[in-house]
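Taking it in order: structure first as structure tokens, then the write-up.
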Amino acid sequence: MGEVIGGILPLALGIAISPIPIIAAILMLLSPKAKGTSVGFMIGWVLGIVVAVVVFTLLASIIPEQDPDAAKPISGVIKLLLGAGLLFLALKQWRGRPKAGEAAALPKWMSAIDSMTTMRGAVLGFLLSAVNPKNLLMAAGAGVLIGTAGLSGGEITLVIVIFVIIAACSVAVPVIAYLLASEKMAGPLESLRGWLVQNNATVMAVLLLVIGVVLIGKGIGSF
């Protein structure tokens with residue numbers, strides 16, 4: 001189980017460090033309906049991660065069991081494809097970086113955050129975690145690692161819980177911190193938002209590159 005946890009950690013961190021969901025959460029915390037919208041967004045974010053990793057774990061568990069010392073070509077091909085997908089997204093993010101002196105553009109839907117309800121915040125959180133292509137590929141990678149490791153039901157549950165906690169912490173921590181100390185958090189959150197907006201593409205490009213290479217390495221090792 002330890003090897004599986006080690007394998008999913010970079011994938012969980014990849015989801016956690018995704019700048020766009022963090023920026024969205026911060027904007028909600030700075031909006032007029034901060035508490036309701038941000039809590040809804042956090043719940044949707046966590047639920048989306050759970051659904052994605054559980055679905056891919058169940059799908060991966062269908063792959064026929066093999067000798068632990070034998071080659072696993074099916075699992076290897078899946079990991080290679082996922083790794084290649086992440087490398088493609090890394091290149092796309094890198095090429096989309098703002099030029100020197102140019103302000104980074106935010107997605108248009110972020111302009112509607114101030115008027116969002118709790119339910120819409122939850123739906124947005126779910127979509128960003130469960131449907132977003134980058135996060136979906138990382139959840140799929142984690143699901144394949146978990147589902148093909150031959151773990152027991154209890155071990156699978158524990159590994160999924162660890163994955164979800166790590167992947168969700170970047171949204172959950174600022175929301176919970178704001179609820180506990182809203183006045184003290186406003187300044188730091190605004191500073192963090194500004195940095196993430198300008199460096200979103202660069203952060204994601206480097207992150208996707210590293211995780212993509214790791215998955216490809218694991219895929220090659222399965223043959």
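How things are named: the first chain in the structure tokens is A, the next is B, and so on; residues count from 1 in each chain; ligands count from 1 in the order shown.
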Report as a PDB file with N, CA and C atoms, in the first residue's frame all protein, DNA and RNA residues lying within 7 Å of range 43-51 of chain A, evaluated on only C-alpha atoms, omitting residues in the same chain fewer than 6 positions from it.
```pdb
ATOM      1  N   ALA A 122     -21.493  25.199  -5.670  1.00  0.00           N
ATOM      2  CA  ALA A 122     -21.254  23.762  -5.537  1.00  0.00           C
ATOM      3  C   ALA A 122     -21.124  23.096  -6.902  1.00  0.00           C
ATOM      4  N   VAL A 123     -21.996  23.483  -7.831  1.00  0.00           N
ATOM      5  CA  VAL A 123     -21.936  22.928  -9.193  1.00  0.00           C
ATOM      6  C   VAL A 123     -20.614  23.292  -9.861  1.00  0.00           C
ATOM      7  N   GLY A 125     -17.754  24.005  -8.364  1.00  0.00           N
ATOM      8  CA  GLY A 125     -16.693  23.243  -7.718  1.00  0.00           C
ATOM      9  C   GLY A 125     -16.632  21.816  -8.238  1.00  0.00           C
ATOM     10  N   PHE A 126     -17.796  21.202  -8.424  1.00  0.00           N
ATOM     11  CA  PHE A 126     -17.862  19.831  -8.940  1.00  0.00           C
ATOM     12  C   PHE A 126     -17.312  19.752 -10.360  1.00  0.00           C
ATOM     13  N   LEU A 127     -17.697  20.711 -11.197  1.00  0.00           N
ATOM     14  CA  LEU A 127     -17.244  20.708 -12.594  1.00  0.00           C
ATOM     15  C   LEU A 127     -15.737  20.914 -12.694  1.00  0.00           C
ATOM     16  N   SER A 129     -13.479  20.089 -10.565  1.00  0.00           N
ATOM     17  CA  SER A 129     -12.703  18.962 -10.051  1.00  0.00           C
ATOM     18  C   SER A 129     -12.956  17.666 -10.808  1.00  0.00           C
ATOM     19  N   ALA A 130     -14.190  17.430 -11.224  1.00  0.00           N
ATOM     20  CA  ALA A 130     -14.538  16.138 -11.832  1.00  0.00           C
ATOM     21  C   ALA A 130     -14.552  16.161 -13.352  1.00  0.00           C
ATOM     22  N   VAL A 164      -7.980  12.216  -1.624  1.00  0.00           N
ATOM     23  CA  VAL A 164      -8.983  13.287  -1.603  1.00  0.00           C
ATOM     24  C   VAL A 164      -8.571  14.409  -0.657  1.00  0.00           C
ATOM     25  N   ALA A 168      -7.903  18.068  -2.174  1.00  0.00           N
ATOM     26  CA  ALA A 168      -8.907  19.083  -1.843  1.00  0.00           C
ATOM     27  C   ALA A 168      -8.387  20.181  -0.927  1.00  0.00           C
TER      28      ALA A 168
END
```
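Non-sequential neighbours of Ala140 in chain A (distance at most 9 Å, separation of 2 or more positions within a chain, only C-alpha atoms) are Ala52, Val53, Val55, Phe56, Thr57, Ala60, Leu82, Asn135, Leu136, Leu137, Met138, Ala142, Gly143, Val144 and Leu145 of chain A.
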Spatial neighbours of Gly83 in chain A, max dist 7 Å, only C-alpha atoms, sep filter under 6 positions, as an NGL selection string: :A and (212-213 or 215-216)
All alpha helix (DSSP H) residues (DSSP, backbone) inside range 24-221 of chain A, as an MDAnalysis selection string: chainID A and resid 24:29 34:60 73:95 118:130 133:147 153:180 182:221
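Using only C-alpha atoms, the smallest distance between any of A:Leu58, A:Ile146, A:Ala139, A:Met1 and Ile211 in chain A comes from A:Ala139.
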Test item: residues at most 12 Å from range 110-117 of chain A, only C-alpha atoms, excluding those fewer than 5 positions along its chain, as a count of residues only: 28
Pairwise distance for CA of Gly141 in chain A and CA of Gly217 in chain A, rounded to one decimal in Å: 12.5 Å
Would you kindly return, as a short mmCIF file (atom, residue, chain, number, x, y, z; two decimals) with C-alpha atoms, in the first residue's frame, each protein, DNA or RNA residue with an atom no farther than 12 Å from any atom of Ala177 in chain A, considering only C-alpha atoms and excluding same-chain residues fewer than 3 positions away?
```
data_model
loop_
_atom_site.label_atom_id
_atom_site.label_comp_id
_atom_site.auth_asym_id
_atom_site.auth_seq_id
_atom_site.Cartn_x
_atom_site.Cartn_y
_atom_site.Cartn_z
CA ILE A 26 -10.52 33.26 -3.30
CA LEU A 29 -14.26 34.58 -0.34
CA LYS A 35 -19.60 32.24 3.25
CA SER A 38 -17.38 29.37 -0.82
CA VAL A 39 -18.75 26.55 1.35
CA CYS A 169 -6.75 20.90 0.72
CA SER A 170 -5.84 23.90 -1.48
CA VAL A 171 -9.51 24.90 -1.69
CA ALA A 172 -10.64 23.63 1.70
CA VAL A 173 -7.88 25.29 3.77
CA PRO A 174 -8.50 28.92 2.64
CA LEU A 180 -12.57 31.14 11.29
CA ALA A 181 -10.87 34.52 10.76
CA SER A 182 -12.43 36.42 7.87
CA GLU A 183 -10.98 39.86 8.69
CA LYS A 184 -7.37 38.64 8.94
CA MET A 185 -7.56 36.57 5.75
CA ALA A 186 -8.76 39.24 3.29
CA PRO A 188 -3.32 37.56 2.22
CA LEU A 189 -6.03 36.08 -0.01
#
```
A:Leu86, A:Met204, A:Met42, A:Ile220 ranked by distance to Pro19 in chain A, top pick (using only C-alpha atoms): A:Met204
